[in-house]
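Enquirer: One structure coming up, written as structure tokens, with questions to follow.
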Amino acid sequence: MKRNSERLDDLRARLREDALERGISPRDVDLLLSDLLEKPIAFLIAFGETRVDAAPVEALLARRYAGEPLQYIRGRTEFYSRTFLVDTRVLIPRPETELLVEAALERAPRGARVVDVGTGSGCIAITIERERPDLRVFSVDRSVDALALAAANRARLESRVALATSDLLSAIDGTFALIVSNPPYVPLAEYEQLDDEVRIHEPRMALTPGPRGTELIERLLDEARSRLAPNGQVILEVGYGQEAAIREIAAMKQYAVDAFLPDLAGIPRVVVLSADAEQR
Ligand SMILES: C[S@@+](CC[C@H](N)C(=O)[O-])C[C@H]1O[C@@H](n2cnc3c(N)ncnc32)[C@H](O)[C@@H]1O
């Protein structure tokens with residue numbers, strides 16, 4: 001018998017109860033135990049008599065109780081049914097961003113060039129390229145640190161996405177059938193009010209571009225105009241309550257709003273834009 005070991009079913013019950021009392025999902029306990037034991041969650045239930053050392057999982061839970069997101073503690077998350085490495089260099093991919101991927105996959109012409117601006121973990125670009133190997137997918141980010149992690153995800157997922165450090169589109173050439181982006185869009189005042197879990201742990205550069213929240217979108221639409229192939233589209237994820245502002249910016253910059261797609265909560269979340277032909 002291991003020293004300081006405890007029956008798995010006792011340990012699990014104790015930690016799950018403790019988590020609940022602290023307002024943390026008991027599922028986090030299961031996921032961390034499953035990671036440490038390198039066994040599926042079903043093992044925790046079926047082999048409760050196994051003796052395990054409590055210290056490692058308690059150390060991970062201490063980080064969780066201190067507010068660190070579960071995905072950073074685990075070092076990975078799921079996006080569009082693939083596992084992506086994540087750490088504090090990148091935003092944790094959110095489920096609603098899968099809608100942006102769907103919109104791009106539906107609209108990308110065969111063999112087209114597609115660029116993902118602000119790639120972070122690479123979740124959008126790598127998913128698009130893996131789902132549609134006919135496409136030539138590029139991804140850029142201003143953060144060299146984020147790109148290093150995107151490169152690790154590219155290698156793990158055997159993707160051929162081209163990565164480049166770039167302020168928006170400035171460092172890459174050519175035109176694109178689709179310019180996609182989940183840009184930082186949280187207005188600064190709202191950013192200051194975000195939960196500690198997000199504000200303290202996730203990169204500020206990934207979340208807020210400034211007071212309006214639309215600063216980067218405005219710049220990207222200016223740059224995108226000369227970088228769209230004929231009939232090309234810009235597909236953007238936008239924030240809660242930003243639909244009216246985005247429609248106004250699009251009109252001002254002479255883009256047509258081809259679609260505004262709601263997420264599963266019914267929030268207008270992804271906008272599909274095309275530049276008026278005579279303005280290109
Ligand atoms: C909201 S995160 C999106 C990350 C990832 N695409 C996703 O959907 O999970 C925005 C990303 O844009 C990058 N970014 C911020 N300003 C940028 C700029 N001027 N040019 C390029 N990338 C930028 C950030 O470093 C961050 O990785």
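As shown in the structure tokens, the chain order sets the letters A, B, ...; within each chain, residues go from 1, and ligands are also counted from 1 in the order they appear.
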Kindly compile the residues surrounding ligand 1 within 7 Å, counting only C-alpha atoms and all ligand atoms, and format them as an MDAnalysis selection string.

Expert: chainID A and resid 90:94 97 117:124 140:143 146 166:168 181:184 205:207 209 216

Enquirer: Could you give me, as a Markdown table, a per-residue list for segment 64-114 of chain A showing, wherever an atom lies at most 9 Å from an atom of segment 219-234 of chain A, the closest pair of atoms and their distance in Å to one decimal, using only C-alpha atoms and sorting by chain then residue number from low to high?

Expert:
| residue | atom | partner | partner_atom | distance |
| --- | --- | --- | --- | --- |
| A:Arg107 | CA | A:Gln233 | CA | 8.6 |
| A:Ala108 | CA | A:Gly232 | CA | 9.0 |
| A:Arg113 | CA | A:Ala229 | CA | 8.9 |

Enquirer: Those same residues - N, CA and C atoms - I'd like them written as a PDB file, in the first residue's frame.

Expert:
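Printed below is result_36.pdb as written:
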ATOM      1  N   ARG A 107     -18.580  28.575 -46.533  1.00  0.00           N
ATOM      2  CA  ARG A 107     -18.428  29.604 -47.563  1.00  0.00           C
ATOM      3  C   ARG A 107     -17.129  29.538 -48.360  1.00  0.00           C
ATOM      4  N   ALA A 108     -16.149  28.783 -47.891  1.00  0.00           N
ATOM      5  CA  ALA A 108     -14.842  28.801 -48.576  1.00  0.00           C
ATOM      6  C   ALA A 108     -14.922  28.063 -49.917  1.00  0.00           C
ATOM      7  N   ARG A 113      -7.680  30.609 -50.772  1.00  0.00           N
ATOM      8  CA  ARG A 113      -6.779  31.086 -49.708  1.00  0.00           C
ATOM      9  C   ARG A 113      -7.625  31.712 -48.606  1.00  0.00           C
TER      10      ARG A 113
END

Enquirer: Determine, counting only C-alpha atoms, which protein, DNA and RNA residues have an atom within 8 Å of an atom of Asp134 of chain A; residues of the same chain fewer than 3 positions away are not included. Present the result as a short mmCIF file (atom, residue, chain, number, x, y, z; two decimals) with C-alpha atoms, in the first residue's frame.

Expert:
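Result saved to around06.cif:
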data_model
loop_
_atom_site.label_atom_id
_atom_site.label_comp_id
_atom_site.auth_asym_id
_atom_site.auth_seq_id
_atom_site.Cartn_x
_atom_site.Cartn_y
_atom_site.Cartn_z
CA ARG A 110 -12.58 24.93 -53.22
CA GLY A 111 -8.82 25.54 -53.13
CA ALA A 112 -9.22 29.08 -51.81
CA GLU A 129 -7.45 23.42 -42.62
#

Enquirer: Please identify the strand (DSSP E) residues within segment 55-275 of chain A (assignment by DSSP from backbone atoms) and present them as a tab-separated table (two decimals) with N, CA and C atoms, in the first residue's frame.

Expert:
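Dumped everything to selection_8.tsv:
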chain	number	residue	atom	x	y	z
A	76	ARG	N	-4.87	21.90	-21.78
A	76	ARG	CA	-5.52	21.60	-23.07
A	76	ARG	C	-7.03	21.83	-22.98
A	77	THR	N	-7.63	21.90	-24.16
A	77	THR	CA	-9.09	22.01	-24.21
A	77	THR	C	-9.57	21.42	-25.52
A	78	GLU	N	-10.89	21.21	-25.59
A	78	GLU	CA	-11.47	20.65	-26.81
A	78	GLU	C	-12.04	21.78	-27.65
A	79	PHE	N	-11.82	21.70	-28.95
A	79	PHE	CA	-12.44	22.65	-29.87
A	79	PHE	C	-12.77	21.90	-31.14
A	82	ARG	N	-11.45	18.42	-31.49
A	82	ARG	CA	-10.00	18.16	-31.44
A	82	ARG	C	-9.45	18.74	-30.14
A	83	THR	N	-8.31	18.18	-29.71
A	83	THR	CA	-7.69	18.68	-28.49
A	83	THR	C	-6.62	19.69	-28.86
A	84	PHE	N	-6.71	20.88	-28.28
A	84	PHE	CA	-5.71	21.94	-28.49
A	84	PHE	C	-4.98	22.20	-27.18
A	85	LEU	N	-3.65	22.36	-27.28
A	85	LEU	CA	-2.88	22.77	-26.11
A	85	LEU	C	-3.21	24.23	-25.82
A	113	ARG	N	-7.68	30.61	-50.77
A	113	ARG	CA	-6.78	31.09	-49.71
A	113	ARG	C	-7.63	31.71	-48.61
A	114	VAL	N	-7.32	31.30	-47.37
A	114	VAL	CA	-8.08	31.78	-46.20
A	114	VAL	C	-7.06	32.25	-45.18
A	115	VAL	N	-7.34	33.38	-44.52
A	115	VAL	CA	-6.45	33.82	-43.45
A	115	VAL	C	-7.24	34.03	-42.16
A	116	ASP	N	-6.63	33.57	-41.06
A	116	ASP	CA	-7.21	33.75	-39.72
A	116	ASP	C	-6.37	34.81	-39.01
A	117	VAL	N	-6.98	35.92	-38.67
A	117	VAL	CA	-6.25	37.04	-38.06
A	117	VAL	C	-6.44	37.01	-36.53
A	136	ARG	N	-5.92	26.71	-48.68
A	136	ARG	CA	-4.58	27.15	-48.24
A	136	ARG	C	-4.80	28.15	-47.12
A	137	VAL	N	-4.49	27.69	-45.90
A	137	VAL	CA	-4.85	28.48	-44.72
A	137	VAL	C	-3.61	29.14	-44.12
A	138	PHE	N	-3.74	30.43	-43.87
A	138	PHE	CA	-2.67	31.23	-43.25
A	138	PHE	C	-3.19	31.71	-41.91
A	139	SER	N	-2.29	31.87	-40.94
A	139	SER	CA	-2.75	32.48	-39.71
A	139	SER	C	-1.69	33.42	-39.16
A	140	VAL	N	-2.19	34.52	-38.62
A	140	VAL	CA	-1.28	35.54	-38.10
A	140	VAL	C	-1.69	35.93	-36.69
A	141	ASP	N	-0.70	36.39	-35.94
A	141	ASP	CA	-0.97	36.96	-34.62
A	141	ASP	C	0.15	37.96	-34.34
A	162	ALA	N	0.04	27.94	-42.47
A	162	ALA	CA	1.23	28.81	-42.46
A	162	ALA	C	1.05	29.86	-41.37
A	163	LEU	N	2.06	29.99	-40.51
A	163	LEU	CA	1.96	30.93	-39.38
A	163	LEU	C	2.89	32.11	-39.58
A	164	ALA	N	2.44	33.31	-39.20
A	164	ALA	CA	3.33	34.48	-39.30
A	164	ALA	C	3.01	35.49	-38.20
A	165	THR	N	4.07	36.13	-37.71
A	165	THR	CA	3.86	37.24	-36.78
A	165	THR	C	3.45	38.44	-37.61
A	176	PHE	N	-7.31	37.04	-50.36
A	176	PHE	CA	-7.93	35.89	-49.70
A	176	PHE	C	-9.42	35.83	-50.02
A	177	ALA	N	-9.91	34.61	-50.22
A	177	ALA	CA	-11.36	34.44	-50.43
A	177	ALA	C	-12.09	34.69	-49.11
A	178	LEU	N	-11.44	34.31	-48.02
A	178	LEU	CA	-12.02	34.56	-46.70
A	178	LEU	C	-10.97	35.14	-45.78
A	179	ILE	N	-11.36	36.20	-45.09
A	179	ILE	CA	-10.54	36.73	-44.00
A	179	ILE	C	-11.38	36.51	-42.75
A	180	VAL	N	-10.93	35.61	-41.88
A	180	VAL	CA	-11.72	35.30	-40.68
A	180	VAL	C	-10.97	35.79	-39.45
A	181	SER	N	-11.73	36.15	-38.44
A	181	SER	CA	-11.07	36.61	-37.21
A	181	SER	C	-12.02	36.56	-36.02
A	228	LEU	N	-9.22	41.31	-50.23
A	228	LEU	CA	-10.24	40.30	-50.52
A	228	LEU	C	-10.18	39.95	-52.00
A	229	ALA	N	-10.22	38.64	-52.29
A	229	ALA	CA	-10.33	38.20	-53.68
A	229	ALA	C	-11.73	38.58	-54.16
A	230	PRO	N	-11.97	38.58	-55.49
A	230	PRO	CA	-13.33	38.88	-55.97
A	230	PRO	C	-14.35	37.98	-55.26
A	231	ASN	N	-15.44	38.57	-54.84
A	231	ASN	CA	-16.50	37.88	-54.07
A	231	ASN	C	-16.03	37.38	-52.70
A	232	GLY	N	-14.90	37.87	-52.24
A	232	GLY	CA	-14.38	37.45	-50.94
A	232	GLY	C	-15.23	37.99	-49.79
A	233	GLN	N	-15.08	37.37	-48.65
A	233	GLN	CA	-15.86	37.79	-47.48
A	233	GLN	C	-14.97	37.87	-46.23
A	234	VAL	N	-15.40	38.75	-45.33
A	234	VAL	CA	-14.77	38.85	-44.01
A	234	VAL	C	-15.76	38.22	-43.02
A	235	ILE	N	-15.26	37.30	-42.20
A	235	ILE	CA	-16.15	36.66	-41.21
A	235	ILE	C	-15.56	36.91	-39.83
A	236	LEU	N	-16.36	37.58	-38.99
A	236	LEU	CA	-15.85	38.01	-37.68
A	236	LEU	C	-16.74	37.51	-36.54
A	237	GLU	N	-16.10	37.10	-35.45
A	237	GLU	CA	-16.86	36.91	-34.22
A	237	GLU	C	-16.95	38.28	-33.54
A	255	TYR	N	-19.21	48.13	-46.40
A	255	TYR	CA	-19.30	46.67	-46.48
A	255	TYR	C	-20.77	46.30	-46.40
A	256	ALA	N	-21.16	45.25	-47.13
A	256	ALA	CA	-22.52	44.73	-47.00
A	256	ALA	C	-22.53	43.65	-45.93
A	257	VAL	N	-23.57	43.66	-45.09
A	257	VAL	CA	-23.72	42.59	-44.10
A	257	VAL	C	-24.48	41.45	-44.78
A	258	ASP	N	-23.76	40.37	-45.09
A	258	ASP	CA	-24.39	39.24	-45.79
A	258	ASP	C	-25.16	38.35	-44.82
A	259	ALA	N	-24.69	38.28	-43.58
A	259	ALA	CA	-25.38	37.46	-42.58
A	259	ALA	C	-24.91	37.89	-41.19
A	260	PHE	N	-25.81	37.74	-40.22
A	260	PHE	CA	-25.44	37.92	-38.80
A	260	PHE	C	-25.95	36.67	-38.11
A	261	LEU	N	-25.05	35.79	-37.71
A	261	LEU	CA	-25.46	34.47	-37.24
A	261	LEU	C	-25.53	34.41	-35.72
A	262	PRO	N	-26.64	33.89	-35.18
A	262	PRO	CA	-26.75	33.79	-33.73
A	262	PRO	C	-26.03	32.55	-33.19
A	268	PRO	N	-26.45	37.41	-31.43
A	268	PRO	CA	-25.80	37.62	-32.73
A	268	PRO	C	-24.28	37.60	-32.53
A	269	ARG	N	-23.60	36.64	-33.13
A	269	ARG	CA	-22.23	36.35	-32.71
A	269	ARG	C	-21.22	36.39	-33.85
A	270	VAL	N	-21.68	36.03	-35.06
A	270	VAL	CA	-20.75	35.98	-36.19
A	270	VAL	C	-21.33	36.79	-37.34
A	271	VAL	N	-20.52	37.71	-37.84
A	271	VAL	CA	-20.99	38.54	-38.95
A	271	VAL	C	-20.20	38.19	-40.21
A	272	VAL	N	-20.93	38.11	-41.32
A	272	VAL	CA	-20.31	37.83	-42.61
A	272	VAL	C	-20.47	39.08	-43.47
A	273	LEU	N	-19.35	39.61	-43.93
A	273	LEU	CA	-19.36	40.89	-44.64
A	273	LEU	C	-18.72	40.75	-46.01
A	274	SER	N	-19.20	41.53	-46.96
A	274	SER	CA	-18.46	41.60	-48.22
A	274	SER	C	-18.30	43.06	-48.59
A	275	ALA	N	-17.17	43.35	-49.24
A	275	ALA	CA	-16.90	44.74	-49.63
A	275	ALA	C	-17.70	45.06	-50.87

Enquirer: Enumerate the residues of segment 12-86 of chain A with a DSSP assignment of alpha helix (DSSP H), computed from the backbone, and present them as a PyMOL selection string.

Expert: chain A and resi 12-21+26-37+41-46+54-65+70-74
